[in-house]
Amino acid sequence: MKDLEFEQKRTLSRAEAADQLDALAAALRRGGQAELDLGPGKLTLRVPDELRTEIEVELENGEIELEIELSWHTGQPDRAAEAGD
C-alpha cells in the first residue's frame with residue numbers, strides 16, 4: 001500500500017509547462033525542502049543530494065509521451081522490510 005499518491009493531469013501552454021519545469025528545476029537545485037506549486041495547493045518535499053532518474057519517450061498512435069521520473073528514499077524505514085525481521 002502506498003503512503004501517499006498525488007496525480008494531476010491538465011492541459012498547459014508550452015510556456016506554462018516550461019514554467020512548471022523551471023520551478024521544479026529550481027527546487028532541485030536548492031535541495032533541502034522543495035515547495036512545488038500544484039495549482040490548488042502546494043506540496044513540500046525533502047529532496048536529498050542524490051536521486052534516481054528515468055526518462056521514457058513513447059510514440060503511439062501519433063502522440064508522443066515524455067515521462068520524467070525522479071525517485072529517492074524518504075529516509076523512513078521500509079515497513080515491509082521491518083515485517084520480515
# chains A, B, ... in the order shown; residues from 1 in each chain; ligands from 1
>>> residues_around(residues="Trp72 (chain A)", least_positions_apart="4", cutoff="9 Å", atoms="only C-alpha atoms", output="PyMOL selection string")
chain A and resi 47-48+50-52
>>> write_last_selection(atoms="C-alpha atoms", output="compact mmCIF listing (two decimals), in the first residue's frame")
# COMPACT_ATOMS: atom_id res chain seq x y z
CA VAL A 47 15.00 16.39 -1.73
CA PRO A 48 18.32 14.64 -1.00
CA GLU A 50 21.33 12.22 -4.90
CA LEU A 51 18.32 10.69 -6.62
CA ARG A 52 17.50 8.21 -9.36
>>> residues_around(residues="Leu45 (chain A)", least_positions_apart="3", cutoff="8 Å", atoms="only C-alpha atoms", output="PyMOL selection string")
chain A and resi 33-35
>>> write_last_selection(atoms="all heavy atoms", output="PDB file, in the first residue's frame")
ATOM      1  N   GLN A  33      14.273  21.366   1.374  1.00  0.00           N
ATOM      2  CA  GLN A  33      12.825  21.342   1.215  1.00  0.00           C
ATOM      3  C   GLN A  33      12.447  21.994  -0.121  1.00  0.00           C
ATOM      4  O   GLN A  33      12.757  23.151  -0.339  1.00  0.00           O
ATOM      5  CB  GLN A  33      12.134  22.093   2.353  1.00  0.00           C
ATOM      6  CG  GLN A  33      12.356  21.493   3.716  1.00  0.00           C
ATOM      7  CD  GLN A  33      11.662  20.160   3.900  1.00  0.00           C
ATOM      8  OE1 GLN A  33      10.630  19.884   3.314  1.00  0.00           O
ATOM      9  NE2 GLN A  33      12.240  19.314   4.718  1.00  0.00           N
ATOM     10  N   ALA A  34      11.806  21.256  -0.985  1.00  0.00           N
ATOM     11  CA  ALA A  34      11.357  21.781  -2.270  1.00  0.00           C
ATOM     12  C   ALA A  34       9.853  21.989  -2.199  1.00  0.00           C
ATOM     13  O   ALA A  34       9.107  21.082  -1.844  1.00  0.00           O
ATOM     14  CB  ALA A  34      11.698  20.810  -3.395  1.00  0.00           C
ATOM     15  N   GLU A  35       9.417  23.200  -2.491  1.00  0.00           N
ATOM     16  CA  GLU A  35       7.985  23.513  -2.485  1.00  0.00           C
ATOM     17  C   GLU A  35       7.522  23.629  -3.933  1.00  0.00           C
ATOM     18  O   GLU A  35       8.042  24.426  -4.698  1.00  0.00           O
ATOM     19  CB  GLU A  35       7.736  24.823  -1.747  1.00  0.00           C
ATOM     20  CG  GLU A  35       6.263  25.092  -1.532  1.00  0.00           C
ATOM     21  CD  GLU A  35       6.044  26.308  -0.672  1.00  0.00           C
ATOM     22  OE1 GLU A  35       6.031  26.166   0.562  1.00  0.00           O
ATOM     23  OE2 GLU A  35       5.874  27.397  -1.246  1.00  0.00           O
TER      24      GLU A  35
END
>>> select_by_dssp(residues="region 20-85 of chain A", states="helix (DSSP H, G or I)", output="list in words")
Gln20, Leu21, Asp22, Ala23, Leu24, Ala25, Ala26, Ala27, Leu28, Arg29, Arg30, Arg79, Ala80, Ala81, Glu82, Ala83 and Gly84 of chain A
>>> atom_distance(atom1="CA of Asp19 (chain A)", atom2="CA of Gly31 (chain A)")
18.4 Å
>>> residues_around(residues="Glu67 (chain A)", least_positions_apart="5", cutoff="9 Å", atoms="only C-alpha atoms", output="list in words")
Glu54, Ile55, Glu56, Val57 and Glu58 of chain A
>>> residues_around(residues="Arg10 (chain A)", least_positions_apart="3", cutoff="12 Å", atoms="only C-alpha atoms", output="list in words")
Glu7, Ser13, Glu16, Ala17, Leu38 and Gly39 of chain A
>>> decode(residues="chain A", atoms="C-alpha atoms", output="mmCIF file, in the first residue's frame")
data_model
loop_
_atom_site.group_PDB
_atom_site.id
_atom_site.type_symbol
_atom_site.label_atom_id
_atom_site.label_comp_id
_atom_site.auth_asym_id
_atom_site.auth_seq_id
_atom_site.Cartn_x
_atom_site.Cartn_y
_atom_site.Cartn_z
ATOM 1 C CA MET A 1 0.000 0.000 0.000
ATOM 2 C CA LYS A 2 1.271 3.466 -0.856
ATOM 3 C CA ASP A 3 1.730 6.019 1.901
ATOM 4 C CA LEU A 4 0.839 8.900 -0.429
ATOM 5 C CA GLU A 5 -0.069 9.324 -4.066
ATOM 6 C CA PHE A 6 -0.846 12.514 -5.937
ATOM 7 C CA GLU A 7 -1.603 12.740 -9.634
ATOM 8 C CA GLN A 8 -2.515 15.798 -11.615
ATOM 9 C CA LYS A 9 -3.462 15.963 -15.278
ATOM 10 C CA ARG A 10 -4.164 19.249 -17.008
ATOM 11 C CA THR A 11 -3.597 20.999 -20.281
ATOM 12 C CA LEU A 12 -0.959 23.741 -20.243
ATOM 13 C CA SER A 13 0.515 26.036 -22.830
ATOM 14 C CA ARG A 14 4.120 25.352 -23.785
ATOM 15 C CA ALA A 15 5.180 28.391 -21.717
ATOM 16 C CA GLU A 16 3.200 27.199 -18.667
ATOM 17 C CA ALA A 17 4.740 23.733 -18.945
ATOM 18 C CA ALA A 18 8.207 25.319 -19.150
ATOM 19 C CA ASP A 19 7.443 27.455 -16.076
ATOM 20 C CA GLN A 20 6.399 24.345 -14.155
ATOM 21 C CA LEU A 21 9.602 22.538 -15.145
ATOM 22 C CA ASP A 22 11.692 25.635 -14.288
ATOM 23 C CA ALA A 23 10.143 25.733 -10.813
ATOM 24 C CA LEU A 24 10.882 22.040 -10.324
ATOM 25 C CA ALA A 25 14.478 22.505 -11.529
ATOM 26 C CA ALA A 26 14.984 25.442 -9.154
ATOM 27 C CA ALA A 27 13.652 23.377 -6.248
ATOM 28 C CA LEU A 28 16.027 20.532 -7.149
ATOM 29 C CA ARG A 29 18.994 22.925 -7.325
ATOM 30 C CA ARG A 30 18.200 24.349 -3.875
ATOM 31 C CA GLY A 31 17.784 20.908 -2.331
ATOM 32 C CA GLY A 32 16.526 20.547 1.188
ATOM 33 C CA GLN A 33 12.825 21.342 1.215
ATOM 34 C CA ALA A 34 11.357 21.781 -2.270
ATOM 35 C CA GLU A 35 7.985 23.513 -2.485
ATOM 36 C CA LEU A 36 6.038 22.779 -5.654
ATOM 37 C CA ASP A 37 3.009 24.821 -6.699
ATOM 38 C CA LEU A 38 0.451 22.319 -7.975
ATOM 39 C CA GLY A 39 -2.444 24.607 -8.837
ATOM 40 C CA PRO A 40 -4.911 24.301 -5.977
ATOM 41 C CA GLY A 41 -2.179 23.855 -3.390
ATOM 42 C CA LYS A 42 1.495 23.390 -2.676
ATOM 43 C CA LEU A 43 3.448 20.217 -1.996
ATOM 44 C CA THR A 44 6.637 20.322 0.075
ATOM 45 C CA LEU A 45 9.159 17.515 -0.336
ATOM 46 C CA ARG A 46 12.575 16.867 1.167
ATOM 47 C CA VAL A 47 14.995 16.387 -1.726
ATOM 48 C CA PRO A 48 18.319 14.639 -0.997
ATOM 49 C CA ASP A 49 21.622 15.345 -2.729
ATOM 50 C CA GLU A 50 21.331 12.215 -4.903
ATOM 51 C CA LEU A 51 18.315 10.693 -6.625
ATOM 52 C CA ARG A 52 17.498 8.212 -9.359
ATOM 53 C CA THR A 53 16.130 9.361 -12.699
ATOM 54 C CA GLU A 54 14.298 7.690 -15.548
ATOM 55 C CA ILE A 55 13.337 9.263 -18.855
ATOM 56 C CA GLU A 56 10.926 7.457 -21.144
ATOM 57 C CA VAL A 57 9.686 8.517 -24.564
ATOM 58 C CA GLU A 58 6.872 6.677 -26.341
ATOM 59 C CA LEU A 59 5.349 7.297 -29.752
ATOM 60 C CA GLU A 60 1.972 5.663 -30.205
ATOM 61 C CA ASN A 61 -0.995 6.491 -32.419
ATOM 62 C CA GLY A 62 0.514 9.808 -33.488
ATOM 63 C CA GLU A 63 1.063 11.004 -29.899
ATOM 64 C CA ILE A 64 4.371 11.435 -28.095
ATOM 65 C CA GLU A 65 4.522 10.778 -24.381
ATOM 66 C CA LEU A 66 7.544 12.000 -22.412
ATOM 67 C CA GLU A 67 7.849 10.821 -18.827
ATOM 68 C CA ILE A 68 10.480 12.135 -16.445
ATOM 69 C CA GLU A 69 10.622 10.211 -13.204
ATOM 70 C CA LEU A 70 12.667 11.178 -10.161
ATOM 71 C CA SER A 71 12.834 8.886 -7.152
ATOM 72 C CA TRP A 72 14.639 8.768 -3.820
ATOM 73 C CA HIS A 73 14.359 7.185 -0.415
ATOM 74 C CA THR A 74 12.495 9.126 2.249
ATOM 75 C CA GLY A 75 14.830 8.030 4.997
ATOM 76 C CA GLN A 76 11.938 6.307 6.741
ATOM 77 C CA PRO A 77 12.230 2.561 7.338
ATOM 78 C CA ASP A 78 10.531 0.273 4.836
ATOM 79 C CA ARG A 79 7.587 -1.321 6.679
ATOM 80 C CA ALA A 80 7.732 -4.467 4.521
ATOM 81 C CA ALA A 81 11.393 -4.942 5.449
ATOM 82 C CA GLU A 82 10.574 -4.428 9.124
ATOM 83 C CA ALA A 83 7.800 -7.043 8.956
ATOM 84 C CA GLY A 84 10.307 -9.604 7.693
ATOM 85 C CA ASP A 85 12.696 -9.030 10.616
#
